[in-house]
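One file, final.pdb, is given below (PDB, C-alpha atoms).
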ATOM      1  CA  GLY E  99      77.554  81.619 109.636
ATOM      2  CA  MET E 100      75.672  82.590 112.754
ATOM      3  CA  ALA E 101      75.935  81.531 116.400
ATOM      4  CA  LEU E 102      73.642  82.359 119.319
ATOM      5  CA  PHE E 103      74.699  81.944 122.949
ATOM      6  CA  ASN E 104      72.971  82.011 126.346
ATOM      7  CA  LEU E 105      69.532  81.475 124.840
ATOM      8  CA  ASP E 106      66.369  81.260 126.908
ATOM      9  CA  ALA E 107      63.883  80.203 124.264
ATOM     10  CA  VAL E 108      61.918  77.348 122.728
ATOM     11  CA  SER E 109      62.992  77.861 119.115
ATOM     12  CA  VAL E 110      64.995  80.045 116.740
ATOM     13  CA  GLN E 111      64.146  80.920 113.147
ATOM     14  CA  VAL E 112      66.597  82.498 110.694
ATOM     15  CA  THR E 113      65.610  83.861 107.281
ATOM     16  CA  VAL E 114      67.801  85.415 104.596
ATOM     17  CA  GLU E 115      66.010  87.542 102.015
ATOM     18  CA  ASP E 116      67.603  88.983  98.885
ATOM     19  CA  ALA E 117      66.061  91.971  97.065
ATOM     20  CA  VAL E 118      66.217  90.126  93.725
ATOM     21  CA  ASP E 119      65.874  86.426  94.597
ATOM     22  CA  GLY E 120      63.493  86.770  97.556
ATOM     23  CA  VAL E 121      63.778  84.375 100.513
ATOM     24  CA  VAL E 122      66.872  82.249  99.905
ATOM     25  CA  PHE E 123      67.161  80.695 103.383
ATOM     26  CA  ASP E 124      64.502  79.886 105.984
ATOM     27  CA  GLU E 125      65.323  77.506 108.803
ATOM     28  CA  ALA E 126      63.751  76.989 112.216
ATOM     29  CA  ARG E 127      65.369  75.029 115.037
ATOM     30  CA  SER E 128      63.772  73.695 118.164
ATOM     31  CA  LEU E 129      65.811  74.279 121.312
ATOM     32  CA  VAL E 130      63.927  71.595 123.254
ATOM     33  CA  SER E 131      66.244  68.632 123.779
ATOM     34  CA  SER E 132      65.127  65.023 124.023
ATOM     35  CA  VAL E 133      68.350  63.627 125.520
ATOM     36  CA  ASN E 134      66.574  62.601 128.728
ATOM     37  CA  VAL E 135      63.574  60.952 127.026
ATOM     38  CA  ALA E 136      64.064  57.185 126.787
ATOM     39  CA  ASP E 137      60.427  56.073 126.967
ATOM     40  CA  TYR E 138      56.834  57.279 127.290
ATOM     41  CA  TYR E 139      57.150  57.841 131.071
ATOM     42  CA  ASP E 140      60.144  60.138 130.551
ATOM     43  CA  TYR E 141      58.265  61.966 127.793
ATOM     44  CA  CYS E 142      55.468  62.786 130.260
ATOM     45  CA  PHE E 143      57.388  63.345 133.490
ATOM     46  CA  ALA E 144      61.073  64.056 132.874
ATOM     47  CA  PRO E 145      62.134  67.708 133.156
ATOM     48  CA  ILE E 146      62.206  69.656 129.900
ATOM     49  CA  ILE E 147      65.754  70.444 128.843
ATOM     50  CA  ARG E 148      66.437  73.390 126.551
ATOM     51  CA  LYS E 149      69.573  73.994 124.552
ATOM     52  CA  THR E 150      71.230  77.325 125.271
ATOM     53  CA  GLU E 151      73.247  77.575 122.040
ATOM     54  CA  ALA E 152      72.367  77.372 118.359
ATOM     55  CA  ARG E 153      74.395  77.704 115.186
ATOM     56  CA  PHE E 154      73.603  78.104 111.506
ATOM     57  CA  GLU E 155      76.613  77.344 109.309
ATOM     58  CA  ASN E 156      74.914  77.223 105.927
ATOM     59  CA  LEU E 157      73.732  80.808 105.356
ATOM     60  CA  PRO E 158      73.924  81.650 101.635
ATOM     61  CA  PRO E 159      76.500  84.292 100.601
ATOM     62  CA  TYR E 160      74.358  87.184  99.383
ATOM     63  CA  VAL E 161      75.970  90.627  99.555
ATOM     64  CA  ASN E 162      72.978  92.863 100.319
ATOM     65  CA  ALA E 163      70.611  90.322 101.838
ATOM     66  CA  GLU E 164      68.567  91.005 104.949
ATOM     67  CA  ILE E 165      69.148  88.461 107.704
ATOM     68  CA  ARG E 166      66.316  88.154 110.209
ATOM     69  CA  THR E 167      66.595  86.164 113.434
ATOM     70  CA  ARG E 168      63.455  85.407 115.452
ATOM     71  CA  ILE E 169      63.739  83.927 118.924
ATOM     72  CA  PHE E 170      60.530  82.435 120.372
ATOM     73  CA  ASN E 171      59.598  81.547 123.928
ATOM     74  CA  GLU E 172      56.207  80.274 125.042
ATOM     75  CA  GLY E 173      54.726  82.100 127.992
ATOM     76  CA  SER E 174      57.681  84.357 128.754
ATOM     77  CA  VAL E 175      60.182  86.740 127.195
ATOM     78  CA  ALA E 176      62.858  85.150 125.013
ATOM     79  CA  ALA E 177      66.489  86.041 125.694
ATOM     80  CA  CYS E 178      69.811  85.819 123.862
ATOM     81  CA  GLY E 179      73.165  86.670 125.436
ATOM     82  CA  ASN E 180      75.275  86.902 122.255
ATOM     83  CA  HIS E 181      74.282  86.881 118.578
ATOM     84  CA  VAL E 182      77.327  86.580 116.312
ATOM     85  CA  ILE E 183      77.380  86.677 112.502
ATOM     86  CA  GLY E 184      80.523  86.303 110.414
ATOM     87  CA  SER E 185      82.460  84.374 107.826
ATOM     88  CA  LEU E 186      83.518  80.783 108.449
ATOM     89  CA  ARG E 187      87.045  79.336 108.325
ATOM     90  CA  THR E 188      87.988  75.684 108.584
ATOM     91  CA  LEU E 189      91.462  75.232 110.014
ATOM     92  CA  GLY E 190      91.474  71.441 110.212
ATOM     93  CA  VAL E 191      89.804  68.414 111.765
ATOM     94  CA  THR E 192      89.428  68.061 115.528
ATOM     95  CA  VAL E 193      90.758  64.775 116.903
ATOM     96  CA  GLN E 194      89.163  62.653 119.610
ATOM     97  CA  GLY E 195      89.909  63.848 123.114
ATOM     98  CA  ALA E 196      88.551  67.400 122.889
ATOM     99  CA  GLY E 197      87.719  68.643 126.363
ATOM    100  CA  PHE E 198      85.554  71.371 127.794
ATOM    101  CA  GLY E 199      84.800  72.884 131.193
ATOM    102  CA  ILE E 200      84.367  76.152 133.066
ATOM    103  CA  ILE E 201      86.282  78.667 135.142
ATOM    104  CA  ASP E 202      83.957  79.376 138.050
ATOM    105  CA  GLY E 203      83.907  82.783 139.700
ATOM    106  CA  SER E 204      81.580  81.691 142.513
ATOM    107  CA  ARG E 205      82.719  82.166 146.091
ATOM    108  CA  LYS E 206      82.783  79.201 148.468
ATOM    109  CA  GLU E 207      84.075  79.988 151.949
ATOM    110  CA  ALA E 208      83.841  78.045 155.194
ATOM    111  CA  ASP E 209      83.697  79.695 158.618
ATOM    112  CA  ASP E 210      85.433  78.367 161.778
ATOM    113  CA  PHE E 211      82.667  75.757 162.213
ATOM    114  CA  GLU E 212      82.872  74.584 158.559
ATOM    115  CA  ASN E 213      79.563  76.203 157.655
ATOM    116  CA  LEU E 214      79.755  77.068 153.983
ATOM    117  CA  ASP E 215      78.864  80.443 152.544
ATOM    118  CA  LEU E 216      78.102  79.962 148.838
ATOM    119  CA  VAL E 217      77.767  82.941 146.527
ATOM    120  CA  GLU E 218      76.951  82.054 142.937
ATOM    121  CA  ARG E 219      78.767  84.247 140.442
ATOM    122  CA  ALA E 220      79.486  84.214 136.728
ATOM    123  CA  TYR E 221      81.602  81.612 134.967
ATOM    124  CA  ARG E 222      83.472  81.330 131.680
ATOM    125  CA  SER E 223      83.452  78.306 129.398
ATOM    126  CA  THR E 224      86.695  76.664 128.331
ATOM    127  CA  ALA E 225      87.692  74.076 125.737
ATOM    128  CA  SER E 226      90.926  72.247 124.949
ATOM    129  CA  ILE E 227      91.169  70.858 121.443
ATOM    130  CA  GLU E 228      93.674  69.311 119.069
ATOM    131  CA  VAL E 229      93.227  69.903 115.352
ATOM    132  CA  ILE E 230      94.907  68.045 112.493
ATOM    133  CA  VAL E 231      96.104  70.702 110.051
ATOM    134  CA  ASN E 232      96.972  70.067 106.399
ATOM    135  CA  ARG E 233     100.600  70.999 105.585
ATOM    136  CA  MET E 234      99.458  73.707 103.140
ATOM    137  CA  MET E 235      97.472  75.410 105.938
ATOM    138  CA  ILE E 236     100.245  75.663 108.561
ATOM    139  CA  ASP E 237     101.211  79.282 107.827
ATOM    140  CA  GLU E 238      97.548  80.277 107.511
ATOM    141  CA  VAL E 239      96.743  78.696 110.884
ATOM    142  CA  LYS E 240      99.519  80.775 112.475
ATOM    143  CA  ARG E 241      98.160  83.932 110.832
ATOM    144  CA  VAL E 242      94.528  83.281 111.825
ATOM    145  CA  MET E 243      95.247  82.230 115.419
ATOM    146  CA  THR E 244      97.590  85.208 115.947
ATOM    147  CA  ALA E 245      95.038  87.631 114.467
ATOM    148  CA  ARG E 246      92.227  86.274 116.685
ATOM    149  CA  ARG E 247      94.254  86.277 119.936
ATOM    150  CA  ALA E 248      92.438  89.326 121.376
ATOM    151  CA  LYS E 249      89.336  89.499 119.170
ATOM    152  CA  PRO E 250      86.091  87.783 120.179
ATOM    153  CA  THR E 251      85.647  84.827 117.833
ATOM    154  CA  VAL E 252      83.349  81.803 117.655
ATOM    155  CA  PHE E 253      85.391  78.595 117.764
ATOM    156  CA  LEU E 254      83.709  75.254 117.080
ATOM    157  CA  GLY E 255      85.686  72.238 118.205
ATOM    158  CA  THR E 256      83.338  69.663 116.683
ATOM    159  CA  ASP E 257      79.961  69.595 114.956
ATOM    160  CA  ASP E 258      78.827  66.828 117.316
ATOM    161  CA  PHE E 259      78.673  68.834 120.549
ATOM    162  CA  ASP E 260      77.625  72.443 121.179
ATOM    163  CA  ALA E 261      79.661  72.235 124.399
ATOM    164  CA  THR E 262      82.818  72.711 122.308
ATOM    165  CA  MET E 263      81.475  75.958 120.777
ATOM    166  CA  ILE E 264      83.209  78.908 122.446
ATOM    167  CA  TYR E 265      82.690  82.632 121.871
ATOM    168  CA  GLY E 266      85.948  84.044 123.098
ATOM    169  CA  PHE E 267      89.650  83.829 122.359
ATOM    170  CA  PRO E 268      92.549  81.358 122.286
ATOM    171  CA  ARG E 269      94.271  81.547 125.657
ATOM    172  CA  ASN E 270      97.287  79.796 124.166
ATOM    173  CA  TRP E 271      98.097  77.592 121.212
ATOM    174  CA  THR E 272     100.941  75.656 119.608
ATOM    175  CA  VAL E 273     101.479  73.935 116.269
ATOM    176  CA  VAL E 274     103.646  70.823 116.073
ATOM    177  CA  ILE E 275     104.686  69.625 112.622
ATOM    178  CA  ASP E 276     104.728  65.910 113.414
ATOM    179  CA  GLN E 277     104.522  64.494 109.871
ATOM    180  CA  TYR E 278     105.434  65.628 106.394
ATOM    181  CA  LEU E 279     101.807  66.108 105.251
ATOM    182  CA  ARG E 280     100.279  67.445 108.446
ATOM    183  CA  ALA E 281     100.680  69.286 111.727
ATOM    184  CA  VAL E 282      98.768  69.333 115.008
ATOM    185  CA  LEU E 283      97.309  72.552 116.426
ATOM    186  CA  THR E 284      96.714  72.364 120.182
ATOM    187  CA  THR E 285      94.759  75.212 121.734
ATOM    188  CA  ASP E 286      93.023  76.195 124.951
ATOM    189  CA  LEU E 287      89.990  78.422 124.369
ATOM    190  CA  GLU E 288      88.239  80.672 126.876
ATOM    191  CA  SER E 289      84.857  82.340 126.508
ATOM    192  CA  LEU E 290      84.122  86.000 127.229
ATOM    193  CA  ASN E 291      81.365  85.095 129.673
TER
END
With the file now loaded, output its structure as structure tokens.
Amino acid sequence: GMALFNLDAVSVQVTVEDAVDGVVFDEARSLVSSVNVADYYDYCFAPIIRKTEARFENLPPYVNAEIRTRIFNEGSVAACGNHVIGSLRTLGVTVQGAGFGIIDGSRKEADDFENLDLVERAYRSTASIEVIVNRMMIDEVKRVMTARRAKPTVFLGTDDFDATMIYGFPRNWTVVIDQYLRAVLTTDLESLN
């Protein structure tokens, strides 16, 4: 799989080419979002919203293939903060109630007259998720989460929202074996930047 973070672009194209089989994967994704377009007026006058993350989970497993990522931006230079490629692991199914937010490093100070001095600084993304884990996977979940505790990893809370995709580490986690056939993994994730 592949994940791209902090994108400033219009679209992303990923191709996988094998020396024997040729191009085995070619997918382009638009980063222009239509979430704020409800009618023709919005289409013409609403601000253009661009997604800042993209993921490709269906790259074919070719050993010596060449993976090419193209990031396009109309009228300006495209940018990508992090480009991560690696193998995928499914630990379980995320339950409803996953949360996300930020840890803000900005400074907000008031003087004696309550005039605010705002200094915008970096922030880190966070997510809190609960995952239903199959009984057979309990020991493997412990091994994976322990191994990834201080190694940058892409975590995806749910396929439905990119906001739950974190490139970082588990700040803490617990597994509760609440039924014979399953357990619940609860974790708080924190991004690197």
Point-to-point distance from atom CA of Glu115 of chain E to atom CA of Ala163 of chain E, Å rounded to tenths: 5.4 Å
Explicit residue set for the PyMOL selection byres ((chain E and resi 168) around 7), as a ChimeraX atom specification: /E:110-112,166-167,169-170
Given the PyMOL selection byres ((chain E and resi 152) around 9), the residues it picks as a CSV table (one decimal) with C-alpha atoms, keeping the file's coordinate frame:
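Output (out_23.csv):
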chain,number,residue,atom,x,y,z
E,100,MET,CA,75.7,82.6,112.8
E,101,ALA,CA,75.9,81.5,116.4
E,102,LEU,CA,73.6,82.4,119.3
E,103,PHE,CA,74.7,81.9,122.9
E,105,LEU,CA,69.5,81.5,124.8
E,110,VAL,CA,65.0,80.0,116.7
E,127,ARG,CA,65.4,75.0,115.0
E,129,LEU,CA,65.8,74.3,121.3
E,149,LYS,CA,69.6,74.0,124.6
E,150,THR,CA,71.2,77.3,125.3
E,151,GLU,CA,73.2,77.6,122.0
E,153,ARG,CA,74.4,77.7,115.2
E,154,PHE,CA,73.6,78.1,111.5
E,260,ASP,CA,77.6,72.4,121.2
Among the residues E:Ala196, E:Val122, E:Ile165, E:Val133, the one that comes closest to Ala261 of chain E [using all atoms listed in the file]: E:Ala196
Residues near Met235 of chain E, cut-off 10 Å, all atoms listed in the file, skip fewer than 2 positions along chain, as a PyMOL selection string: chain E and resi 188-190+231-233+237-241+280-281
Expected answer as a ChimeraX atom specification: all residues with atoms within 7 Å of (67.3, 78.6, 108.3), all atoms listed in the file: /E:111-113,123-126
Those residues with C-alpha atoms, as a PDB file, keeping the file's coordinate frame please?
ATOM      1  CA  GLN E 111      64.146  80.920 113.147  1.00  0.00           C
ATOM      2  CA  VAL E 112      66.597  82.498 110.694  1.00  0.00           C
ATOM      3  CA  THR E 113      65.610  83.861 107.281  1.00  0.00           C
ATOM      4  CA  PHE E 123      67.161  80.695 103.383  1.00  0.00           C
ATOM      5  CA  ASP E 124      64.502  79.886 105.984  1.00  0.00           C
ATOM      6  CA  GLU E 125      65.323  77.506 108.803  1.00  0.00           C
ATOM      7  CA  ALA E 126      63.751  76.989 112.216  1.00  0.00           C
TER       8      ALA E 126
END
Target residues per the PyMOL selection byres ((chain E and resi 269-275) around 7), formatted as an MDAnalysis selection string: chainID E and resid 267:268 276:277 280:288
Would you mind exporting C-alpha atoms of the selected residues as a short mmCIF file (atom, residue, chain, number, x, y, z; two decimals), in the frame of the given file?
data_model
loop_
_atom_site.label_atom_id
_atom_site.label_comp_id
_atom_site.auth_asym_id
_atom_site.auth_seq_id
_atom_site.Cartn_x
_atom_site.Cartn_y
_atom_site.Cartn_z
CA PHE E 267 89.65 83.83 122.36
CA PRO E 268 92.55 81.36 122.29
CA ASP E 276 104.73 65.91 113.41
CA GLN E 277 104.52 64.49 109.87
CA ARG E 280 100.28 67.44 108.45
CA ALA E 281 100.68 69.29 111.73
CA VAL E 282 98.77 69.33 115.01
CA LEU E 283 97.31 72.55 116.43
CA THR E 284 96.71 72.36 120.18
CA THR E 285 94.76 75.21 121.73
CA ASP E 286 93.02 76.19 124.95
CA LEU E 287 89.99 78.42 124.37
CA GLU E 288 88.24 80.67 126.88
#
Nearest candidate to Glu218 of chain E (options E:Ser204, E:Ile147, E:Arg247, E:Thr262; using only C-alpha atoms): E:Ser204
d(atom CA of Arg205 of chain E, atom CA of Ala225 of chain E) in Å: 22.5 Å
Selection near Ala144 of chain E, 9 Å with only C-alpha atoms, sequence-local residues under 5 positions removed, as a PyMOL selection string: chain E and resi 134-135+139
d(atom CA of Glu164 of chain E, atom CA of Val114 of chain E) in Å: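 Atom CA of Val114 of chain E lies 5.7 Å from atom CA of Glu164 of chain E.
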So that I can check the surroundings of Leu290 of chain E, please list as a short mmCIF file (atom, residue, chain, number, x, y, z; two decimals) with C-alpha atoms, in the coordinates of the input every protein, DNA and RNA residue that reaches within 7 Å of it, counting all atoms listed in the file and ignoring chain neighbours fewer than 2 positions away.
data_model
loop_
_atom_site.label_atom_id
_atom_site.label_comp_id
_atom_site.auth_asym_id
_atom_site.auth_seq_id
_atom_site.Cartn_x
_atom_site.Cartn_y
_atom_site.Cartn_z
CA ARG E 222 83.47 81.33 131.68
CA TYR E 265 82.69 82.63 121.87
CA GLY E 266 85.95 84.04 123.10
CA GLU E 288 88.24 80.67 126.88
#
With 4 Å on each side, where is the centre of the axis-aligned box around all listed atoms of segment 239-252 of chain E, and how long are its edges in Å to one decimal, as AutoDock Vina command-line options?
--center_x 91.4 --center_y 84.1 --center_z 116.1 --size_x 24.2 --size_y 18.8 --size_z 18.5
Residue list as a PDB file with C-alpha atoms, keeping the file's coordinate frame for point (58.6, 82.1, 121.7), cut-off 10 Å, all atoms listed in the file:
ATOM      1  CA  ASP E 106      66.369  81.260 126.908  1.00  0.00           C
ATOM      2  CA  ALA E 107      63.883  80.203 124.264  1.00  0.00           C
ATOM      3  CA  VAL E 108      61.918  77.348 122.728  1.00  0.00           C
ATOM      4  CA  SER E 109      62.992  77.861 119.115  1.00  0.00           C
ATOM      5  CA  VAL E 110      64.995  80.045 116.740  1.00  0.00           C
ATOM      6  CA  ARG E 168      63.455  85.407 115.452  1.00  0.00           C
ATOM      7  CA  ILE E 169      63.739  83.927 118.924  1.00  0.00           C
ATOM      8  CA  PHE E 170      60.530  82.435 120.372  1.00  0.00           C
ATOM      9  CA  ASN E 171      59.598  81.547 123.928  1.00  0.00           C
ATOM     10  CA  GLU E 172      56.207  80.274 125.042  1.00  0.00           C
ATOM     11  CA  GLY E 173      54.726  82.100 127.992  1.00  0.00           C
ATOM     12  CA  SER E 174      57.681  84.357 128.754  1.00  0.00           C
ATOM     13  CA  VAL E 175      60.182  86.740 127.195  1.00  0.00           C
ATOM     14  CA  ALA E 176      62.858  85.150 125.013  1.00  0.00           C
ATOM     15  CA  ALA E 177      66.489  86.041 125.694  1.00  0.00           C
TER      16      ALA E 177
END
Selected residue of minimal separation from Asn104 of chain E among E:Ala208, E:Ile200, E:His181, E:Arg187, counting all atoms listed in the file: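 Looking at the shortest contact to Asn104 of chain E, the residue is E:His181.
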Residue among E:Phe143, E:Ile230, E:Phe259, E:Tyr160 lying closest to Gly120 of chain E, counting all atoms listed in the file: E:Tyr160
N, CA and C atoms are what I want for segment 109-129 of chain E; can you complete it accordingly and write them as a PDB file, in the coordinates of the input?
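Result file follows (out.pdb):
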ATOM      1  N   SER E 109      62.527  78.078 120.484  1.00  0.00           N
ATOM      2  CA  SER E 109      62.992  77.861 119.115  1.00  0.00           C
ATOM      3  C   SER E 109      63.599  79.129 118.549  1.00  0.00           C
ATOM      4  N   VAL E 110      64.361  78.945 117.455  1.00  0.00           N
ATOM      5  CA  VAL E 110      64.995  80.045 116.740  1.00  0.00           C
ATOM      6  C   VAL E 110      64.705  79.859 115.257  1.00  0.00           C
ATOM      7  N   GLN E 111      64.359  80.958 114.588  1.00  0.00           N
ATOM      8  CA  GLN E 111      64.146  80.920 113.147  1.00  0.00           C
ATOM      9  C   GLN E 111      65.027  81.984 112.493  1.00  0.00           C
ATOM     10  N   VAL E 112      65.729  81.582 111.434  1.00  0.00           N
ATOM     11  CA  VAL E 112      66.597  82.498 110.694  1.00  0.00           C
ATOM     12  C   VAL E 112      66.141  82.509 109.235  1.00  0.00           C
ATOM     13  N   THR E 113      65.936  83.710 108.698  1.00  0.00           N
ATOM     14  CA  THR E 113      65.610  83.861 107.281  1.00  0.00           C
ATOM     15  C   THR E 113      66.604  84.815 106.645  1.00  0.00           C
ATOM     16  N   VAL E 114      66.948  84.539 105.396  1.00  0.00           N
ATOM     17  CA  VAL E 114      67.801  85.415 104.596  1.00  0.00           C
ATOM     18  C   VAL E 114      66.993  85.780 103.358  1.00  0.00           C
ATOM     19  N   GLU E 115      66.811  87.082 103.142  1.00  0.00           N
ATOM     20  CA  GLU E 115      66.010  87.542 102.015  1.00  0.00           C
ATOM     21  C   GLU E 115      66.839  88.487 101.153  1.00  0.00           C
ATOM     22  N   ASP E 116      66.899  88.170  99.864  1.00  0.00           N
ATOM     23  CA  ASP E 116      67.603  88.983  98.885  1.00  0.00           C
ATOM     24  C   ASP E 116      66.591  89.837  98.128  1.00  0.00           C
ATOM     25  N   ALA E 117      66.970  91.064  97.766  1.00  0.00           N
ATOM     26  CA  ALA E 117      66.061  91.971  97.065  1.00  0.00           C
ATOM     27  C   ALA E 117      65.646  91.428  95.706  1.00  0.00           C
ATOM     28  N   VAL E 118      66.511  90.667  95.058  1.00  0.00           N
ATOM     29  CA  VAL E 118      66.217  90.126  93.725  1.00  0.00           C
ATOM     30  C   VAL E 118      65.629  88.716  93.810  1.00  0.00           C
ATOM     31  N   ASP E 119      66.264  87.836  94.557  1.00  0.00           N
ATOM     32  CA  ASP E 119      65.874  86.426  94.597  1.00  0.00           C
ATOM     33  C   ASP E 119      64.821  86.094  95.650  1.00  0.00           C
ATOM     34  N   GLY E 120      64.470  87.036  96.507  1.00  0.00           N
ATOM     35  CA  GLY E 120      63.493  86.770  97.556  1.00  0.00           C
ATOM     36  C   GLY E 120      64.106  85.992  98.710  1.00  0.00           C
ATOM     37  N   VAL E 121      63.302  85.159  99.369  1.00  0.00           N
ATOM     38  CA  VAL E 121      63.778  84.375 100.513  1.00  0.00           C
ATOM     39  C   VAL E 121      64.649  83.234  99.988  1.00  0.00           C
ATOM     40  N   VAL E 122      65.925  83.260 100.369  1.00  0.00           N
ATOM     41  CA  VAL E 122      66.872  82.249  99.905  1.00  0.00           C
ATOM     42  C   VAL E 122      67.282  81.278 101.017  1.00  0.00           C
ATOM     43  N   PHE E 123      66.869  81.577 102.244  1.00  0.00           N
ATOM     44  CA  PHE E 123      67.161  80.695 103.383  1.00  0.00           C
ATOM     45  C   PHE E 123      66.081  80.905 104.421  1.00  0.00           C
ATOM     46  N   ASP E 124      65.525  79.820 104.928  1.00  0.00           N
ATOM     47  CA  ASP E 124      64.502  79.886 105.984  1.00  0.00           C
ATOM     48  C   ASP E 124      64.600  78.600 106.780  1.00  0.00           C
ATOM     49  N   GLU E 125      65.139  78.694 107.986  1.00  0.00           N
ATOM     50  CA  GLU E 125      65.323  77.506 108.803  1.00  0.00           C
ATOM     51  C   GLU E 125      64.931  77.796 110.242  1.00  0.00           C
ATOM     52  N   ALA E 126      64.155  76.895 110.811  1.00  0.00           N
ATOM     53  CA  ALA E 126      63.751  76.989 112.216  1.00  0.00           C
ATOM     54  C   ALA E 126      64.358  75.814 112.968  1.00  0.00           C
ATOM     55  N   ARG E 127      64.789  76.078 114.192  1.00  0.00           N
ATOM     56  CA  ARG E 127      65.369  75.029 115.037  1.00  0.00           C
ATOM     57  C   ARG E 127      64.688  75.022 116.381  1.00  0.00           C
ATOM     58  N   SER E 128      64.296  73.852 116.817  1.00  0.00           N
ATOM     59  CA  SER E 128      63.772  73.695 118.164  1.00  0.00           C
ATOM     60  C   SER E 128      64.941  73.664 119.135  1.00  0.00           C
ATOM     61  N   LEU E 129      64.785  74.303 120.270  1.00  0.00           N
ATOM     62  CA  LEU E 129      65.811  74.279 121.312  1.00  0.00           C
ATOM     63  C   LEU E 129      65.461  73.307 122.427  1.00  0.00           C
TER      64      LEU E 129
END
